[in-house]
>>> print(open('upload-v5.cif').read())   # mmCIF, C-alpha atoms
data_coords
loop_
_atom_site.label_atom_id
_atom_site.label_comp_id
_atom_site.auth_asym_id
_atom_site.auth_seq_id
_atom_site.Cartn_x
_atom_site.Cartn_y
_atom_site.Cartn_z
CA MET A 71 14.94 -18.65 -25.74
CA ILE A 72 13.84 -18.43 -22.11
CA VAL A 73 11.71 -21.56 -22.32
CA SER A 74 12.15 -24.35 -24.85
CA PHE A 75 10.13 -27.56 -24.65
CA SER A 76 10.47 -30.36 -27.18
CA ASP A 77 8.14 -33.38 -27.12
CA VAL A 78 7.95 -33.21 -23.30
CA VAL A 79 6.02 -35.91 -21.47
CA VAL A 80 5.18 -35.49 -17.78
CA VAL A 81 3.23 -38.11 -15.88
CA TYR A 82 1.12 -37.00 -12.92
CA ASP A 83 -0.83 -39.53 -10.85
CA ASN A 84 -0.22 -42.20 -13.53
CA PHE A 85 -1.73 -39.90 -16.15
CA PRO A 86 0.29 -38.20 -18.93
CA ALA A 87 -0.60 -34.62 -18.01
CA LEU A 88 1.82 -33.40 -20.68
CA ALA A 89 1.86 -35.73 -23.68
CA GLY A 90 4.52 -34.37 -26.02
CA ALA A 91 4.41 -30.62 -25.37
CA THR A 92 6.52 -28.56 -27.79
CA PHE A 93 6.80 -24.75 -27.66
CA GLU A 94 9.23 -21.89 -27.16
CA ILE A 95 9.02 -18.59 -25.29
CA SER A 96 11.35 -15.61 -25.75
CA ARG A 97 12.58 -13.16 -23.12
CA GLY A 98 10.13 -10.40 -22.24
CA GLU A 99 7.00 -12.15 -23.47
CA ILE A 100 3.79 -12.34 -21.46
CA VAL A 101 2.32 -15.68 -22.48
CA LEU A 102 -1.25 -16.68 -21.73
CA LEU A 103 -1.98 -20.39 -21.32
CA GLN A 104 -5.54 -21.15 -22.31
CA GLY A 105 -7.40 -24.40 -22.09
CA PRO A 106 -10.13 -26.27 -20.27
CA ASN A 107 -9.76 -27.59 -16.71
CA GLY A 108 -7.48 -30.62 -16.60
CA ALA A 109 -5.80 -29.74 -19.88
CA GLY A 110 -2.32 -29.61 -18.32
CA LYS A 111 -1.81 -25.87 -17.69
CA THR A 112 -0.89 -26.28 -14.02
CA THR A 113 1.37 -29.22 -14.82
CA LEU A 114 3.10 -27.15 -17.49
CA LEU A 115 3.75 -24.30 -15.04
CA ARG A 116 4.99 -26.66 -12.33
CA THR A 117 7.25 -28.43 -14.82
CA CYS A 118 8.76 -25.08 -15.83
CA ALA A 119 9.42 -24.44 -12.12
CA GLY A 120 11.34 -27.72 -11.87
CA LEU A 121 8.82 -29.33 -9.54
CA LEU A 122 7.86 -32.26 -11.76
CA PRO A 123 10.21 -34.78 -13.40
CA ILE A 124 10.23 -35.09 -17.18
CA VAL A 125 9.67 -38.62 -18.42
CA ARG A 126 10.52 -38.02 -22.09
CA GLY A 127 11.63 -35.19 -24.36
CA SER A 128 13.84 -32.22 -23.58
CA ALA A 129 13.14 -28.98 -21.75
CA ASN A 130 15.34 -25.97 -21.20
CA VAL A 131 14.27 -23.10 -18.92
CA LEU A 132 16.54 -20.10 -18.30
CA SER A 133 19.53 -22.09 -19.61
CA CYS A 134 18.81 -24.95 -17.19
CA ASP A 135 18.31 -28.42 -18.67
CA LEU A 136 15.31 -29.75 -16.74
CA THR A 137 15.87 -33.32 -17.89
CA SER A 138 19.22 -33.57 -16.11
CA ASP A 139 18.79 -30.97 -13.33
CA ARG A 140 15.43 -29.56 -12.31
CA PHE A 141 16.71 -27.88 -9.14
CA SER A 142 18.96 -25.11 -10.48
CA VAL A 143 16.09 -23.39 -12.27
CA ARG A 144 14.14 -22.90 -9.03
CA LYS A 145 16.28 -19.97 -7.92
CA LYS A 146 15.41 -18.15 -11.13
CA VAL A 147 11.65 -18.62 -11.32
CA GLY A 148 8.71 -17.52 -9.21
CA LEU A 149 5.65 -19.74 -9.04
CA LEU A 150 2.25 -18.72 -7.78
CA GLY A 151 -0.12 -21.66 -7.91
CA HIS A 152 -3.66 -22.11 -6.67
CA ALA A 153 -2.41 -21.79 -3.08
CA ASN A 154 -0.80 -18.58 -1.91
CA GLY A 155 2.17 -20.06 -0.05
CA LEU A 156 1.58 -17.90 3.02
CA PHE A 157 1.68 -18.58 6.76
CA HIS A 158 -1.71 -17.65 8.14
CA ASP A 159 -0.59 -17.07 11.73
CA LEU A 160 1.92 -14.43 10.65
CA THR A 161 1.17 -10.89 9.55
CA VAL A 162 1.64 -9.78 5.95
CA GLU A 163 4.88 -8.02 6.86
CA GLU A 164 6.20 -11.06 8.74
CA ASN A 165 5.43 -13.29 5.77
CA MET A 166 7.23 -10.92 3.43
CA SER A 167 10.22 -10.63 5.77
CA PHE A 168 10.47 -14.41 6.02
CA TRP A 169 10.67 -14.89 2.26
CA SER A 170 13.00 -11.92 1.99
CA ARG A 171 15.39 -13.44 4.56
CA LEU A 172 15.30 -16.79 2.78
CA ILE A 173 16.12 -15.30 -0.57
CA GLY A 174 18.45 -12.53 0.52
CA THR A 175 16.62 -9.40 -0.58
CA SER A 176 16.54 -6.17 1.39
CA ASP A 177 13.90 -4.58 3.62
CA GLN A 178 13.56 -1.89 0.98
CA ASP A 179 12.60 -4.56 -1.57
CA VAL A 180 9.91 -5.75 0.83
CA LYS A 181 8.51 -2.24 1.25
CA THR A 182 8.57 -1.62 -2.50
CA ALA A 183 6.77 -4.89 -3.19
CA MET A 184 4.09 -4.12 -0.64
CA GLN A 185 3.60 -0.65 -2.11
CA ILE A 186 3.30 -2.06 -5.63
CA MET A 187 0.62 -4.51 -4.53
CA GLY A 188 -1.24 -1.83 -2.57
CA LEU A 189 -0.69 -3.44 0.81
CA SER A 190 -1.27 -0.53 3.17
CA ASP A 191 0.33 -0.06 6.60
CA ARG A 192 -2.83 -1.36 8.27
CA LEU A 193 -2.86 -4.51 6.12
CA CYS A 194 0.85 -5.09 6.71
CA THR A 195 0.27 -5.62 10.41
CA THR A 196 -2.78 -7.83 9.88
CA ARG A 197 -2.54 -11.59 10.23
CA VAL A 198 -2.94 -13.34 6.89
CA ALA A 199 -5.73 -15.48 8.38
CA ASN A 200 -7.79 -12.31 8.74
CA LEU A 201 -7.34 -11.14 5.14
CA SER A 202 -9.88 -11.55 2.36
CA ALA A 203 -9.08 -13.93 -0.52
CA GLY A 204 -8.09 -11.01 -2.73
CA GLN A 205 -5.82 -9.51 -0.11
CA LYS A 206 -4.10 -12.87 0.38
CA ARG A 207 -3.53 -13.06 -3.38
CA ARG A 208 -1.99 -9.61 -3.41
CA CYS A 209 0.27 -10.59 -0.54
CA ALA A 210 1.36 -13.73 -2.42
CA LEU A 211 2.13 -11.68 -5.53
CA ALA A 212 4.16 -9.29 -3.41
CA THR A 213 6.37 -12.19 -2.28
CA LEU A 214 6.94 -12.97 -5.95
CA ILE A 215 8.08 -9.39 -6.56
CA VAL A 216 10.48 -9.64 -3.63
CA ARG A 217 12.02 -12.74 -5.19
CA ARG A 218 12.97 -10.83 -8.37
CA ALA A 219 12.25 -13.90 -10.46
CA GLN A 220 13.36 -13.92 -14.12
CA LEU A 221 10.41 -16.09 -15.13
CA TRP A 222 7.03 -15.59 -13.47
CA LEU A 223 4.76 -18.64 -13.52
CA LEU A 224 1.24 -17.73 -12.45
CA ASP A 225 -1.75 -20.04 -12.15
CA GLU A 226 -5.00 -18.07 -12.21
CA PRO A 227 -3.36 -14.91 -10.81
CA HIS A 228 -6.55 -12.83 -11.15
CA ALA A 229 -8.63 -15.25 -9.10
CA GLY A 230 -10.07 -13.66 -5.97
CA LEU A 231 -8.95 -10.11 -6.85
CA ASP A 232 -11.34 -7.19 -7.14
CA THR A 233 -11.25 -4.90 -10.19
CA GLN A 234 -8.65 -2.61 -8.64
CA GLY A 235 -6.51 -5.57 -7.64
CA ARG A 236 -6.70 -7.01 -11.15
CA ASP A 237 -5.67 -3.70 -12.67
CA GLU A 238 -2.77 -3.48 -10.22
CA LEU A 239 -1.73 -7.02 -11.10
CA ASP A 240 -1.78 -6.29 -14.83
CA LYS A 241 0.27 -3.17 -14.22
CA THR A 242 2.74 -5.19 -12.13
CA LEU A 243 3.14 -7.85 -14.81
CA ARG A 244 3.74 -5.21 -17.49
CA ALA A 245 6.31 -3.54 -15.23
CA ALA A 246 8.01 -6.88 -14.67
CA ARG A 247 8.15 -7.40 -18.42
CA GLU A 248 9.67 -3.97 -18.96
CA ALA A 249 12.28 -4.86 -16.36
CA GLY A 250 13.24 -7.92 -18.41
CA ALA A 251 11.15 -10.62 -16.78
CA THR A 252 9.15 -13.15 -18.75
CA VAL A 253 5.66 -14.14 -17.66
CA MET A 254 3.65 -17.32 -18.24
CA PHE A 255 0.18 -17.37 -16.79
CA ALA A 256 -2.91 -19.54 -16.98
CA SER A 257 -6.28 -17.83 -16.86
CA HIS A 258 -9.92 -18.43 -17.59
CA GLU A 259 -10.64 -14.70 -17.77
CA ILE A 260 -9.95 -14.62 -21.46
CA ASP A 261 -10.78 -10.99 -22.29
CA ARG A 262 -8.60 -9.47 -19.58
CA ALA A 263 -5.87 -12.06 -20.10
CA ARG A 264 -5.69 -11.54 -23.89
CA ASN A 265 -5.44 -7.82 -23.35
CA LEU A 266 -2.49 -8.39 -21.04
CA ALA A 267 -0.68 -11.14 -22.97
CA THR A 268 1.69 -10.65 -25.89
CA ARG A 269 1.02 -14.22 -27.07
CA SER A 270 -1.38 -17.05 -26.32
CA LEU A 271 -0.80 -20.77 -26.18
CA MET A 272 -3.59 -23.34 -26.16
CA VAL A 273 -3.11 -26.32 -23.86
CA ALA A 274 -5.37 -29.28 -24.51
CA GLY A 275 -4.96 -32.99 -23.92
CA GLY A 276 -1.40 -32.47 -22.70
CA LEU A 277 -0.36 -30.81 -25.98
CA VAL A 278 0.55 -27.16 -26.58
CA THR A 279 -0.38 -25.25 -29.74
CA GLU A 280 -0.30 -21.60 -30.81
CA SER A 281 -3.62 -19.90 -30.19
CA MET B 286 11.60 -3.34 -10.28
CA LYS B 287 14.62 -5.46 -11.09
CA SER B 288 14.25 -8.94 -12.49
CA ASP B 289 17.50 -10.48 -11.37
CA SER B 290 17.88 -13.50 -9.19
CA SER B 291 18.65 -12.54 -5.60
CA MET B 292 21.97 -12.94 -3.80
CA PRO B 293 22.70 -16.45 -2.52
CA VAL B 294 21.86 -16.91 1.16
CA SER B 295 23.99 -18.97 3.53
CA LYS B 296 22.63 -22.18 4.97
CA GLY B 297 22.85 -20.75 8.48
CA LYS B 298 20.58 -17.86 7.57
CA VAL B 299 17.99 -20.23 6.12
CA VAL B 300 18.14 -22.38 9.28
CA THR B 301 17.65 -19.25 11.41
CA ALA B 302 14.81 -17.92 9.26
CA VAL B 303 12.89 -21.22 9.36
CA PHE B 304 13.51 -21.63 13.11
CA LEU B 305 12.34 -18.09 13.90
CA LYS B 306 9.29 -18.50 11.66
CA ASP B 307 8.18 -21.71 13.40
CA VAL B 308 8.77 -20.23 16.86
CA GLN B 309 6.99 -16.99 15.92
CA ILE B 310 3.98 -18.96 14.70
CA GLU B 311 3.92 -20.95 17.94
CA LEU B 312 4.13 -17.79 20.05
CA ARG B 313 1.27 -16.35 18.02
CA SER B 314 -0.97 -19.43 17.91
CA ARG B 315 0.04 -20.88 21.32
CA VAL B 316 -0.91 -24.42 20.28
CA VAL B 317 1.84 -26.02 22.37
CA THR B 318 1.20 -23.92 25.46
CA ASN B 319 -2.61 -23.99 25.33
CA GLN B 320 -3.22 -27.48 23.96
CA VAL B 321 -0.20 -29.79 24.03
CA LEU B 322 1.06 -28.90 27.52
CA PRO B 323 -2.37 -29.40 29.16
CA PHE B 324 -2.71 -32.68 27.23
CA ALA B 325 0.66 -33.93 28.46
CA GLY B 326 -0.17 -32.78 31.99
CA LEU B 327 -3.46 -34.63 31.84
CA VAL B 328 -1.69 -37.82 30.76
CA MET B 329 0.57 -37.56 33.81
CA VAL B 330 -2.37 -36.95 36.15
CA MET B 331 -4.41 -39.78 34.62
CA PHE B 332 -1.51 -42.19 35.11
CA ALA B 333 -1.31 -41.08 38.74
CA PHE B 334 -5.03 -41.81 39.20
CA ALA B 335 -4.81 -45.12 37.34
CA LEU B 336 -1.81 -46.49 39.25
CA ASP B 337 -2.67 -44.83 42.57
CA ASN B 338 0.39 -46.20 44.36
CA ASP B 339 3.38 -44.03 45.28
CA ASP B 340 5.89 -46.87 45.05
CA VAL B 341 4.71 -47.91 41.61
CA LEU B 342 4.56 -44.31 40.42
CA GLN B 343 8.10 -43.62 41.58
CA ARG B 344 9.27 -46.79 39.84
CA VAL B 345 7.64 -45.92 36.49
CA ALA B 346 7.96 -42.11 36.61
CA GLY B 347 10.72 -42.00 33.99
CA GLY B 348 8.74 -44.11 31.54
CA LEU B 349 5.61 -42.02 32.00
CA VAL B 350 7.52 -38.79 31.34
CA TRP B 351 8.85 -40.09 28.04
CA LEU B 352 5.62 -41.79 27.03
CA ALA B 353 3.76 -38.50 27.52
CA THR B 354 6.55 -36.79 25.52
CA LEU B 355 6.11 -39.22 22.61
CA PHE B 356 2.34 -38.75 22.48
CA SER B 357 2.82 -34.99 22.54
CA LEU B 358 5.55 -35.24 19.89
CA LEU B 359 2.99 -36.62 17.43
CA ILE B 360 0.75 -33.60 17.91
CA ILE B 361 3.63 -31.12 17.68
CA VAL B 362 5.02 -32.69 14.50
CA GLN B 363 1.58 -32.72 12.85
CA ARG B 364 1.15 -29.07 13.74
CA SER B 365 4.67 -28.15 12.61
CA PHE B 366 3.99 -29.38 9.08
CA ALA B 367 0.33 -28.35 8.96
CA ILE B 368 1.41 -24.70 9.02
CA ASP B 369 3.62 -25.34 5.98
CA THR B 370 1.11 -27.33 3.95
CA ALA B 371 -2.07 -25.39 4.78
CA ASP B 372 -1.59 -22.78 2.06
CA GLY B 373 1.09 -24.39 -0.09
CA ALA B 374 4.07 -22.80 1.69
CA LEU B 375 5.99 -26.07 1.46
CA ASP B 376 5.78 -25.83 -2.34
CA SER B 377 6.98 -22.24 -2.14
CA LEU B 378 9.96 -23.38 -0.07
CA ARG B 379 10.80 -25.94 -2.75
CA VAL B 380 10.58 -23.36 -5.52
CA ALA B 381 12.66 -20.86 -3.54
CA GLY B 382 15.69 -22.90 -4.55
CA ILE B 383 17.09 -22.99 -1.03
CA GLU B 384 18.86 -25.99 0.49
CA LEU B 385 16.10 -28.14 1.96
CA SER B 386 18.56 -29.62 4.46
CA ALA B 387 18.64 -26.13 6.00
CA VAL B 388 14.85 -26.23 6.26
CA PHE B 389 15.23 -29.61 7.97
CA PHE B 390 17.58 -28.23 10.62
CA GLY B 391 15.51 -25.06 11.11
CA LYS B 392 12.34 -27.05 11.70
CA ALA B 393 14.13 -29.63 13.87
CA ILE B 394 15.60 -26.95 16.15
CA ALA B 395 12.19 -25.27 16.50
CA LEU B 396 10.64 -28.66 17.28
CA ALA B 397 13.37 -29.33 19.85
CA ALA B 398 12.69 -26.00 21.57
CA LYS B 399 9.02 -26.89 21.94
CA LEU B 400 9.88 -30.38 23.20
CA VAL B 401 12.31 -29.05 25.82
CA ALA B 402 9.61 -26.73 27.18
CA LEU B 403 7.25 -29.70 27.32
CA GLU B 404 9.77 -32.01 28.98
CA ILE B 405 10.59 -29.46 31.69
CA VAL B 406 6.91 -29.31 32.61
CA LEU B 407 6.60 -33.11 32.54
CA ILE B 408 9.68 -33.67 34.71
CA PHE B 409 8.43 -31.14 37.26
CA SER B 410 5.04 -32.88 37.15
CA ALA B 411 6.77 -36.17 37.95
CA LEU B 412 8.67 -34.57 40.83
CA VAL B 413 5.47 -33.16 42.28
CA LEU B 414 2.86 -35.79 41.42
CA TYR B 415 4.98 -38.92 41.76
CA ARG B 416 7.24 -37.57 44.53
CA VAL B 417 10.52 -38.64 42.94
CA ASP B 418 13.85 -37.19 44.12
CA VAL B 419 16.85 -36.15 42.07
CA ASN B 420 20.33 -35.54 43.49
CA ALA B 421 23.00 -33.27 41.96
CA THR B 422 24.59 -35.98 39.78
CA GLY B 423 21.10 -37.07 38.78
CA VAL B 424 20.35 -33.55 37.55
CA VAL B 425 23.42 -33.62 35.29
CA LEU B 426 22.36 -36.99 33.90
CA LEU B 427 18.78 -35.78 33.46
CA VAL B 428 19.82 -32.62 31.59
CA THR B 429 22.11 -34.64 29.30
CA CYS B 430 19.34 -37.17 28.73
CA VAL B 431 16.85 -34.42 27.84
CA PHE B 432 19.34 -32.85 25.43
CA CYS B 433 20.23 -36.11 23.62
CA ALA B 434 16.72 -37.57 23.58
CA THR B 435 15.18 -34.28 22.42
CA SER B 436 17.71 -33.98 19.60
CA GLY B 437 16.91 -37.49 18.40
CA LEU B 438 13.15 -36.98 18.66
CA ALA B 439 13.35 -33.62 16.88
CA PHE B 440 15.39 -35.01 13.99
CA VAL B 441 13.29 -38.12 13.51
CA GLY B 442 10.06 -36.16 14.01
CA THR B 443 11.02 -33.63 11.36
CA LEU B 444 12.08 -36.36 8.94
CA TYR B 445 8.87 -38.35 9.30
CA GLY B 446 6.76 -35.18 9.42
CA GLY B 447 8.21 -34.25 6.03
CA LEU B 448 7.66 -37.77 4.74
CA THR B 449 3.97 -37.74 5.62
CA ALA B 450 3.33 -34.02 4.98
CA GLY B 451 1.79 -34.53 1.56
CA ALA B 452 0.36 -38.00 2.15
CA LYS B 453 -3.29 -38.89 2.38
CA GLY B 454 -4.33 -39.94 5.90
CA ARG B 455 -1.18 -38.38 7.36
CA GLU B 456 -2.84 -37.97 10.78
CA THR B 457 -2.92 -41.74 11.24
CA LEU B 458 0.12 -42.55 9.12
CA LEU B 459 2.53 -40.50 11.22
CA PRO B 460 2.01 -42.40 14.51
CA LEU B 461 2.22 -45.72 12.66
CA LEU B 462 5.57 -44.81 11.11
CA LEU B 463 7.06 -42.72 13.89
CA LEU B 464 6.36 -44.65 17.09
CA PRO B 465 8.25 -47.85 16.14
CA VAL B 466 11.26 -45.78 15.04
CA VAL B 467 11.45 -43.84 18.32
CA ALA B 468 11.14 -46.97 20.48
CA PRO B 469 14.94 -46.96 21.15
CA VAL B 470 14.65 -43.37 22.41
CA LEU B 471 11.77 -44.33 24.70
CA ILE B 472 13.73 -47.24 26.16
CA ALA B 473 17.07 -45.43 26.52
CA ALA B 474 15.60 -42.18 27.83
CA THR B 475 13.43 -44.08 30.31
CA ARG B 476 16.38 -46.07 31.66
CA ALA B 477 18.54 -42.94 31.93
CA THR B 478 15.75 -41.00 33.65
CA GLU B 479 15.12 -43.89 36.06
CA ALA B 480 18.82 -43.80 36.92
CA ALA B 481 18.61 -40.04 37.47
CA PHE B 482 15.52 -40.45 39.66
CA GLY B 483 17.05 -43.44 41.45
CA SER B 484 13.90 -45.44 40.68
CA GLY B 485 13.96 -49.00 42.03
CA GLY B 486 17.38 -48.43 43.62
CA ALA B 487 19.05 -47.63 40.28
CA GLN B 488 22.42 -45.85 40.45
CA THR B 489 23.01 -42.61 38.53
CA SER B 490 26.11 -44.09 36.89
CA GLU B 491 23.97 -46.78 35.23
CA GLY B 492 22.28 -44.12 33.11
CA TRP B 493 25.31 -42.94 31.14
CA ALA B 494 25.44 -46.02 28.91
CA TRP B 495 21.93 -45.19 27.73
CA ILE B 496 23.00 -41.61 26.99
CA GLY B 497 25.48 -43.07 24.49
CA LEU B 498 22.65 -44.81 22.66
CA LEU B 499 20.60 -41.60 22.61
CA ALA B 500 23.58 -39.67 21.21
CA VAL B 501 24.14 -42.24 18.45
CA PHE B 502 20.43 -42.18 17.57
CA ALA B 503 20.45 -38.37 17.36
CA ALA B 504 23.60 -38.36 15.22
CA VAL B 505 22.26 -40.98 12.80
CA PHE B 506 18.93 -39.24 12.29
CA GLY B 507 20.54 -35.80 12.21
CA VAL B 508 22.85 -36.77 9.36
CA GLY B 509 20.39 -39.11 7.65
CA GLY B 510 17.55 -36.64 7.96
CA SER B 511 19.52 -33.77 6.45
CA LEU B 512 20.44 -35.97 3.48
CA ALA B 513 16.99 -37.48 2.93
CA PHE B 514 14.67 -34.59 3.80
CA GLY B 515 15.04 -32.77 0.47
CA SER B 516 14.23 -35.86 -1.58
CA LEU B 517 11.26 -36.74 0.65
CA ILE B 518 9.77 -33.26 0.37
CA ASP B 519 10.41 -33.19 -3.35
CA GLU B 520 8.60 -36.44 -4.00
#
>>> encode(input="upload-v5.cif", output="structure tokens")
Amino acid sequence: MIVSFSDVVVVYDNFPALAGATFEISRGEIVLLQGPNGAGKTTLLRTCAGLLPIVRGSANVLSCDLTSDRFSVRKKVGLLGHANGLFHDLTVEENMSFWSRLIGTSDQDVKTAMQIMGLSDRLCTTRVANLSAGQKRRCALATLIVRRAQLWLLDEPHAGLDTQGRDELDKTLRAAREAGATVMFASHEIDRARNLATRSLMVAGGLVTES
Amino acid sequence: MKSDSSMPVSKGKVVTAVFLKDVQIELRSRVVTNQVLPFAGLVMVMFAFALDNDDVLQRVAGGLVWLATLFSLLIIVQRSFAIDTADGALDSLRVAGIELSAVFFGKAIALAAKLVALEIVLIFSALVLYRVDVNATGVVLLVTCVFCATSGLAFVGTLYGGLTAGAKGRETLLPLLLLPVVAPVLIAATRATEAAFGSGGAQTSEGWAWIGLLAVFAAVFGVGGSLAFGSLIDE
């Protein structure tokens, strides 16, 4: 199993955002997290990324025990939350190069990622501050591709993308899956998301059930 | 598209990448050159107008240089972390699985570079506006003082910038937390600079004892900051 949660409790702002979550995810799955706002989807993704401490229960992600060590898993996952994680005063290419240098991937990986996300030469030399919301999202997804993460954790990845961008994203996620990556994503665009996902989980009241 | 984890990157490369990123953003946005430097210059000019006495100005020149540096430090630190928190890049740095102590040193070195540029302008302002003189041995003391004081301010600024980065009301919290901590730097750097300027008949040799204090301060916050920064950012 790539992800295995058993009775996991995570407290966020004195509120049990996950209140005994139990589920498993296998390698190569694309898992949709459904649920209303405030149900715990974002907390679940951030917990999988090792950003939030587990108060009770046991969680194993990519062979890392999150209850004893939530730092080792970070090198293996890629998280795209509501924010894009970009530096607005730098160009798209400079942003990509920065993350590439930090992680140790090649310039060719950067070029490939930008091609996959449809970031043209003109866009590459544009400051992120001057991009549209959709273009920023595509740039953020490209940084995720550069990272070669084994587990992709995406929070509303389609948000802000136009139809072409959404299609490109779906294609990218399917390609990542074929390459052996596993994807967990939260989305409110149920029709598109169900079409993309191989399985759905319902998150409600801090609990996770099969959908 | 491969889905492997990438090759491990050395700490030095992370330090360099973070340093270059911060400097590149400054060169692009020019916040320090277009906003902080004029602000610091204005502080020096306003003091000159307020005191309006050459003898007094020469006596307090060292203190005014470092006071203007501290005020400017607050703005530079706020800006340094605002670029990381504006679009969640700090979270991305955490998830990247890199050593956060390397991020600490990268940001501290970039902060130090900006401070040195600022201090050079302030010291020249003091030489011109307050008509202070520096002899050859004073220059050596002054350069050493700038190096040690800047290191300490950069380390402590980065540490407290990280501490307040995610906090509510960080704009007001940072000065409250930072200024009391850097008081020893203000005192020691002022005394050393006064010795370099020969203010009030001070001898250059009197300044070296204060350099020792600045060096100890920089070492303590350099080591302590590198150990604590990761935990502070993570919480």
>>> atom_distance(input="upload-v5.cif", atom1="atom CA of Trp495 of chain B", atom2="atom CA of Asp339 of chain B")
25.6 Å
>>> closest_atom_pairs(input="upload-v5.cif", of="chain B", to="chain A", cutoff="10 Å", atoms="only C-alpha atoms", output="tab-separated table")
residue	atom	partner	partner_atom	distance
B:Met286	CA	A:Ala249	CA	6.3
B:Lys287	CA	A:Ala249	CA	5.8
B:Ser288	CA	A:Arg218	CA	4.7
B:Asp289	CA	A:Arg218	CA	5.4
B:Ser290	CA	A:Lys146	CA	5.6
B:Ser291	CA	A:Gly174	CA	6.1
B:Met292	CA	A:Gly174	CA	5.6
B:Pro293	CA	A:Gly174	CA	6.5
B:Val294	CA	A:Gly174	CA	5.6
B:Ser295	CA	A:Leu172	CA	9.0
B:Lys296	CA	A:Leu172	CA	9.4
B:Lys298	CA	A:Leu172	CA	7.2
B:Val299	CA	A:Leu172	CA	5.5
B:Val300	CA	A:Leu172	CA	9.0
B:Thr301	CA	A:Arg171	CA	9.3
B:Ala302	CA	A:Phe168	CA	6.5
B:Val303	CA	A:Phe168	CA	8.0
B:Leu305	CA	A:Phe168	CA	8.9
B:Lys306	CA	A:Phe168	CA	7.1
B:Asp307	CA	A:Phe157	CA	9.8
B:Gln309	CA	A:Leu160	CA	7.7
B:Ile310	CA	A:Asp159	CA	5.8
B:Glu311	CA	A:Asp159	CA	8.6
B:Leu312	CA	A:Asp159	CA	9.6
B:Arg313	CA	A:Asp159	CA	6.6
B:Ser314	CA	A:Asp159	CA	6.6
B:Ile368	CA	A:Phe157	CA	6.5
B:Asp369	CA	A:Phe157	CA	7.1
B:Thr370	CA	A:Gly155	CA	8.4
B:Ala371	CA	A:Phe157	CA	8.0
B:Asp372	CA	A:Gly155	CA	5.1
B:Gly373	CA	A:Gly155	CA	4.5
B:Ala374	CA	A:Gly155	CA	3.8
B:Leu375	CA	A:Gly155	CA	7.3
B:Asp376	CA	A:Gly155	CA	7.2
B:Ser377	CA	A:Gly155	CA	5.7
B:Leu378	CA	A:Gly155	CA	8.5
B:Arg379	CA	A:Arg144	CA	7.7
B:Val380	CA	A:Arg144	CA	5.0
B:Ala381	CA	A:Lys145	CA	5.8
B:Gly382	CA	A:Lys145	CA	4.5
B:Ile383	CA	A:Leu172	CA	7.5
B:Asp519	CA	A:Leu121	CA	7.5
B:Glu520	CA	A:Leu122	CA	8.8
>>> resolve_selection(input="upload-v5.cif", expression="the PyMOL selection byres ((chain B and resi 466) around 12)", output="JSON list (two decimals) with C-alpha atoms, in the frame of the given file")
[["chain", "number", "residue", "atom", "x", "y", "z"],
["B", 355, "LEU", "CA", 6.11, -39.22, 22.61],
["B", 437, "GLY", "CA", 16.91, -37.49, 18.40],
["B", 438, "LEU", "CA", 13.15, -36.98, 18.66],
["B", 440, "PHE", "CA", 15.39, -35.01, 13.99],
["B", 441, "VAL", "CA", 13.29, -38.12, 13.51],
["B", 442, "GLY", "CA", 10.06, -36.16, 14.01],
["B", 444, "LEU", "CA", 12.08, -36.36, 8.94],
["B", 445, "TYR", "CA", 8.87, -38.35, 9.30],
["B", 459, "LEU", "CA", 2.53, -40.50, 11.22],
["B", 460, "PRO", "CA", 2.01, -42.40, 14.51],
["B", 461, "LEU", "CA", 2.22, -45.72, 12.66],
["B", 462, "LEU", "CA", 5.57, -44.81, 11.11],
["B", 463, "LEU", "CA", 7.06, -42.72, 13.89],
["B", 464, "LEU", "CA", 6.36, -44.65, 17.09],
["B", 465, "PRO", "CA", 8.25, -47.85, 16.14],
["B", 467, "VAL", "CA", 11.45, -43.84, 18.32],
["B", 468, "ALA", "CA", 11.14, -46.97, 20.48],
["B", 469, "PRO", "CA", 14.94, -46.96, 21.15],
["B", 470, "VAL", "CA", 14.65, -43.37, 22.41],
["B", 471, "LEU", "CA", 11.77, -44.33, 24.70],
["B", 472, "ILE", "CA", 13.73, -47.24, 26.16],
["B", 502, "PHE", "CA", 20.43, -42.18, 17.57],
["B", 506, "PHE", "CA", 18.93, -39.24, 12.29]]
>>> resolve_selection(input="upload-v5.cif", expression="the PyMOL selection byres ((chain A and resi 271) around 6)", output="list in words")
Leu103, Ser270, Met272, Thr279, Glu280 and Ser281 of chain A
>>> atom_distance(input="upload-v5.cif", atom1="atom CA of His228 of chain A", atom2="atom CA of Ala450 of chain B")
28.4 Å
>>> resolve_selection(input="upload-v5.cif", expression="the PyMOL selection byres ((chain A and resi 79-95) around 6)", output="MDAnalysis selection string")
chainID A and resid 71:78 96 110 124:126 276:278
>>> write_last_selection(input="upload-v5.cif", atoms="C-alpha atoms", output="short mmCIF file (atom, residue, chain, number, x, y, z; two decimals), in the coordinates of the input")
data_model
loop_
_atom_site.label_atom_id
_atom_site.label_comp_id
_atom_site.auth_asym_id
_atom_site.auth_seq_id
_atom_site.Cartn_x
_atom_site.Cartn_y
_atom_site.Cartn_z
CA MET A 71 14.94 -18.65 -25.74
CA ILE A 72 13.84 -18.43 -22.11
CA VAL A 73 11.71 -21.56 -22.32
CA SER A 74 12.15 -24.35 -24.85
CA PHE A 75 10.13 -27.56 -24.65
CA SER A 76 10.47 -30.36 -27.18
CA ASP A 77 8.14 -33.38 -27.12
CA VAL A 78 7.95 -33.21 -23.30
CA SER A 96 11.35 -15.61 -25.75
CA GLY A 110 -2.32 -29.61 -18.32
CA ILE A 124 10.23 -35.09 -17.18
CA VAL A 125 9.67 -38.62 -18.42
CA ARG A 126 10.52 -38.02 -22.09
CA GLY A 276 -1.40 -32.47 -22.70
CA LEU A 277 -0.36 -30.81 -25.98
CA VAL A 278 0.55 -27.16 -26.58
#
